[in-house]
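Colleague: This one is protein_24.tsv, TSV, C-alpha atoms.
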chain	number	residue	atom	x	y	z
A	1	ALA	CA	137.40	103.46	106.23
A	2	LEU	CA	134.99	105.85	104.58
A	3	ASP	CA	136.33	108.92	102.82
A	4	MET	CA	134.08	111.31	104.74
A	5	GLN	CA	135.49	114.37	103.00
A	6	SER	CA	134.51	113.05	99.55
A	7	ILE	CA	131.08	111.99	100.82
A	8	ARG	CA	130.58	115.46	102.32
A	9	ARG	CA	131.49	117.10	98.98
A	10	TRP	CA	128.99	114.81	97.24
A	11	ILE	CA	126.13	115.39	99.74
A	12	ASP	CA	126.48	118.89	101.22
A	13	GLY	CA	124.31	121.57	99.64
A	14	ARG	CA	122.56	119.06	97.37
A	15	VAL	CA	118.97	117.94	96.95
A	16	LEU	CA	118.70	114.27	97.90
A	17	MET	CA	115.78	111.93	97.35
A	18	VAL	CA	115.23	108.60	99.11
A	19	SER	CA	112.70	106.17	97.66
A	20	GLY	CA	111.33	103.69	100.17
A	21	SER	CA	112.17	106.24	102.83
A	22	ALA	CA	109.78	104.79	105.44
A	23	GLY	CA	111.29	101.31	105.24
A	24	SER	CA	114.00	100.00	107.54
A	25	ILE	CA	116.85	100.66	105.09
A	26	GLY	CA	115.43	103.85	103.58
A	27	SER	CA	114.80	105.44	106.96
A	28	GLU	CA	118.33	104.64	108.12
A	29	ILE	CA	119.72	106.17	104.92
A	30	CYS	CA	117.75	109.33	105.75
A	31	ARG	CA	119.18	109.42	109.28
A	32	GLN	CA	122.70	108.97	107.95
A	33	LEU	CA	122.27	111.69	105.31
A	34	LEU	CA	121.25	114.19	107.98
A	35	GLN	CA	124.72	113.81	109.51
A	36	PHE	CA	125.84	115.85	106.50
A	37	SER	CA	124.41	119.15	105.26
A	38	PRO	CA	122.16	118.50	102.29
A	39	GLU	CA	120.08	121.44	101.09
A	40	ARG	CA	116.92	119.32	100.98
A	41	LEU	CA	115.88	115.76	101.71
A	42	VAL	CA	112.90	114.44	99.73
A	43	LEU	CA	111.25	111.38	101.28
A	44	VAL	CA	109.25	109.17	98.91
A	45	ASP	CA	107.19	106.22	100.12
A	46	ARG	CA	103.63	104.96	99.83
A	47	SER	CA	103.39	104.27	103.57
A	48	GLU	CA	101.47	107.20	105.04
A	49	ASN	CA	101.99	106.03	108.60
A	50	GLY	CA	105.68	105.32	108.09
A	51	GLN	CA	106.24	108.71	106.45
A	52	PHE	CA	104.39	110.52	109.24
A	53	PHE	CA	106.56	109.09	112.01
A	54	LEU	CA	109.78	109.35	109.99
A	55	GLU	CA	109.16	113.01	109.26
A	56	ARG	CA	108.64	113.74	112.97
A	57	GLU	CA	111.88	111.96	113.85
A	58	LEU	CA	113.95	113.56	111.08
A	59	ARG	CA	112.76	117.09	111.82
A	60	LYS	CA	114.30	116.73	115.28
A	61	LEU	CA	117.59	115.50	113.80
A	62	GLY	CA	117.93	117.82	110.80
A	63	LYS	CA	116.76	121.21	111.94
A	64	ARG	CA	118.84	122.98	109.26
A	65	VAL	CA	117.67	120.76	106.38
A	66	ALA	CA	114.48	121.23	104.36
A	67	ILE	CA	112.55	117.96	104.52
A	68	ASP	CA	109.77	117.25	102.06
A	69	VAL	CA	107.50	114.24	102.45
A	70	CYS	CA	105.94	112.79	99.31
A	71	ILE	CA	103.35	110.04	99.50
A	72	ALA	CA	103.80	108.16	96.24
A	73	ASP	CA	104.03	104.72	94.73
A	74	ILE	CA	107.23	104.55	92.69
A	75	LEU	CA	105.35	102.49	90.08
A	76	ASP	CA	103.15	105.54	89.39
A	77	GLN	CA	105.28	107.01	86.62
A	78	PRO	CA	103.38	110.32	86.18
A	79	ARG	CA	103.52	110.97	89.94
A	80	MET	CA	107.24	110.17	90.10
A	81	ARG	CA	107.94	112.38	87.09
A	82	ASP	CA	106.12	115.24	88.84
A	83	ILE	CA	108.20	114.71	92.00
A	84	LEU	CA	111.48	114.64	90.10
A	85	GLN	CA	110.54	117.72	88.07
A	86	GLU	CA	109.44	119.62	91.17
A	87	TYR	CA	112.41	118.84	93.42
A	88	ARG	CA	115.17	118.19	90.84
A	89	PRO	CA	117.18	115.86	93.08
A	90	ASN	CA	120.92	115.77	92.47
A	91	VAL	CA	121.14	112.30	94.01
A	92	ILE	CA	118.52	109.55	94.30
A	93	PHE	CA	118.97	106.78	96.84
A	94	HIS	CA	116.64	104.05	95.60
A	95	ALA	CA	115.78	101.87	98.60
A	96	ALA	CA	112.16	101.04	97.74
A	97	ALA	CA	111.68	97.29	97.35
A	98	PHE	CA	110.21	94.25	98.97
A	99	LYS	CA	112.51	92.48	101.39
A	100	HIS	CA	110.89	89.23	102.58
A	101	VAL	CA	112.13	86.31	100.50
A	102	PRO	CA	109.33	83.81	101.36
A	103	LEU	CA	106.62	86.30	100.37
A	104	MET	CA	108.33	87.01	97.05
A	105	GLU	CA	108.60	83.27	96.36
A	106	ALA	CA	104.83	83.10	96.85
A	107	HIS	CA	104.18	86.24	94.76
A	108	PRO	CA	106.85	86.37	92.03
A	109	GLY	CA	104.85	88.73	89.79
A	110	GLU	CA	104.79	91.33	92.55
A	111	ALA	CA	108.54	90.94	93.04
A	112	VAL	CA	109.17	91.55	89.34
A	113	LYS	CA	106.86	94.56	89.31
A	114	ASN	CA	108.07	96.21	92.52
A	115	ILE	CA	111.79	95.51	92.09
A	116	ILE	CA	112.62	95.24	88.39
A	117	VAL	CA	109.92	97.39	86.77
A	118	ALA	CA	109.98	100.07	89.47
A	119	THR	CA	113.78	100.34	89.37
A	120	ARG	CA	113.81	100.56	85.58
A	121	GLN	CA	111.14	103.26	85.56
A	122	LEU	CA	112.82	105.30	88.30
A	123	ALA	CA	116.29	105.01	86.74
A	124	ASP	CA	114.88	106.10	83.37
A	125	LEU	CA	113.05	109.06	84.95
A	126	ALA	CA	116.22	110.03	86.82
A	127	ALA	CA	118.12	110.14	83.52
A	128	GLU	CA	115.29	112.04	81.84
A	129	CYS	CA	115.39	114.65	84.64
A	130	ASP	CA	119.20	114.93	84.56
A	131	THR	CA	119.74	113.49	88.04
A	132	GLU	CA	123.49	113.38	88.63
A	133	SER	CA	123.67	110.17	90.70
A	134	PHE	CA	121.37	107.18	91.09
A	135	VAL	CA	122.28	104.87	93.97
A	136	MET	CA	120.41	101.58	93.96
A	137	ILE	CA	120.33	99.81	97.30
A	138	SER	CA	120.63	96.09	96.67
A	139	THR	CA	121.10	92.96	98.76
A	140	ASP	CA	123.53	90.12	99.27
A	141	LYS	CA	120.76	87.92	97.82
A	142	ALA	CA	121.57	89.34	94.36
A	143	VAL	CA	124.97	87.58	94.39
A	144	ASN	CA	124.45	84.21	92.71
A	145	PRO	CA	120.69	84.50	93.35
A	146	THR	CA	118.76	81.45	94.51
A	147	SER	CA	115.42	83.16	95.08
A	148	VAL	CA	112.93	85.24	93.12
A	149	MET	CA	113.82	88.31	95.17
A	150	GLY	CA	117.56	87.81	94.66
A	151	ALA	CA	117.09	87.31	90.92
A	152	CYS	CA	114.91	90.43	90.68
A	153	LYS	CA	117.48	92.51	92.57
A	154	ARG	CA	120.24	91.19	90.28
A	155	VAL	CA	118.27	92.09	87.15
A	156	ALA	CA	117.60	95.57	88.60
A	157	GLU	CA	121.33	95.97	89.38
A	158	MET	CA	122.22	94.97	85.82
A	159	TYR	CA	119.75	97.48	84.39
A	160	VAL	CA	121.08	100.34	86.52
A	161	GLN	CA	124.67	99.41	85.63
A	162	SER	CA	123.78	99.31	81.93
A	163	ARG	CA	122.40	102.86	82.16
A	164	THR	CA	125.61	104.19	83.69
A	165	SER	CA	127.84	102.54	81.13
A	166	SER	CA	125.99	104.00	78.13
If you took the structure in this file and wrote it as structure tokens, what would it be?

Modeller:
Amino acid sequence: ALDMQSIRRWIDGRVLMVSGSAGSIGSEICRQLLQFSPERLVLVDRSENGQFFLERELRKLGKRVAIDVCIADILDQPRMRDILQEYRPNVIFHAAAFKHVPLMEAHPGEAVKNIIVATRQLADLAAECDTESFVMISTDKAVNPTSVMGACKRVAEMYVQSRTSS
């Protein structure tokens, strides 16, 4: 059972950012967050088409919530710094990542770049901008990983955990 009262205290009246917002997981996170009362929801994704349709859908669901759409690649550090400095999110839900295991096996360098490097950069920027909470969305494939994607997610998890313990 979820402690909805604690979640509400954590979310309501806050500025929330979702990276990978146009993806299947990121968009569902956005829908779920609108069940609460955040002050602002900042959507970050490089998919113009995905962001366009998501914004239209969310505006119908969250009429009381300010929704800002940012087209950005999370690997573009100057762009992400600008977004974090402009919106000052209290909480970042980091859902941006590749999700198809066979493609990542075929392109391991892209998996490392888009999962490990991007997560490290975004977590570091979040700390630099005094973001209160950084929630990394991971996968069951990170538990005893047997694939490039699972290993990358596990390394990203370990990095985020190391930042919170320091």

Colleague: Quick one: distance from atom CA of Glu57 of chain A to atom CA of Glu132 of chain A in Å, one decimal?

Modeller: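 Atom CA of Glu132 of chain A lies 27.8 Å from atom CA of Glu57 of chain A.
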
Colleague: Please report the interatomic distance between atom CA of Tyr87 of chain A and atom CA of Arg154 of chain A in Å with one decimal.

Modeller: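 We find that atom CA of Tyr87 of chain A and atom CA of Arg154 of chain A lie 28.9 Å from each other.
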
Colleague: Skipping near chain neighbours, those fewer than 6 positions away, what residues fall within 9 Å of Gln77 of chain A using all atoms listed in the file, listed as a list in words?

Modeller: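 Contacts, in chain order: Ala118, Gln121, Leu122 and Leu125 of chain A.
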
Colleague: Taking only C-alpha atoms into account, which of A:Lys99, A:Arg64, A:Arg56, A:Arg46 comes nearest Asp76 of chain A?

Modeller: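 So, comparing all the options, the nearest one is A:Arg46.
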
Colleague: Write out as a list of chain:residue names which residues come within 12 Å of segment 102-111 of chain A when counting all atoms listed in the file, dropping same-chain ones fewer than 2 positions away.

Modeller: A:Leu75, A:Ala96, A:Ala97, A:Phe98, A:Lys99, A:His100, A:Lys113, A:Asn114, A:Ile115, A:Ile116, A:Val117, A:Ala118, A:Thr119, A:Thr146, A:Ser147, A:Val148, A:Met149, A:Gly150, A:Ala151, A:Cys152, A:Lys153, A:Val155, A:Ala156

Colleague: What does the distance between atom CA of Val44 of chain A and atom CA of Val18 of chain A come to in Å, to one decimal place?

Modeller: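 Atom CA of Val18 of chain A lies at a distance of 6.0 Å from atom CA of Val44 of chain A.
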
Colleague: As a list of chain:residue names, please: the residues near Arg40 of chain A (cut-off 9 Å, all atoms listed in the file, same-chain neighbours under 4 positions excluded).

Modeller: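 Once the nearby chain positions are removed, what remains is A:Gly13, A:Arg14, A:Val15, A:Leu16, A:Met17, A:Val65, A:Ala66, A:Ile67, A:Asp68, A:Tyr87, A:Pro89.
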
Colleague: Pick out the closest residue to Gly50 of chain A from this set: A:Val112, A:Ile83, A:Val69, A:Ala95. Count all atoms listed in the file.

Modeller: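 Of the candidates, the smallest distance to Gly50 of chain A is held by A:Val69.
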
Colleague: Edge lengths and centre in Å to one decimal, as JSON, is what I'm after for the box along x, y and z that holds all listed atoms of segment 125-133 of chain A once 4 Å is added on each side.

Modeller:
{"center_x": 118.4, "center_y": 112.0, "center_z": 86.3, "size_x": 18.6, "size_y": 13.9, "size_z": 16.9}

Colleague: Go through A:Val160, A:Val91, A:Met136, A:Leu58 one by one, measure the shortest atom-to-atom distance of each to Ile11 of chain A using only C-alpha atoms, and give the residue with the smallest value.

Modeller: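 So, comparing all the options, the nearest one is A:Val91.
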
Colleague: Which residues, written as a list in words, have at least one atom at most 12 Å from Lys63 of chain A, with only C-alpha atoms counted and residues fewer than 6 positions away on the same chain left out?

Modeller: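 With the cut-off at 12 Å, the set is Leu34, Gln35, Phe36, Ser37, Pro38, Glu39, Arg40, Leu41, Glu55, Arg56 and Glu57 of chain A.
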
Colleague: Closest to Gln32 of chain A among A:Gln51, A:Gly62, A:Ala1, A:Phe134, using all atoms listed in the file?

Modeller: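 When distances to Gln32 of chain A are compared using all atoms listed in the file, the smallest one comes from A:Gly62.
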
Colleague: Determine the nearest neighbour of Val135 of chain A from the options A:Asp45, A:Glu86, A:Asp12, A:Glu157, counting all atoms listed in the file.

Modeller: A:Glu157
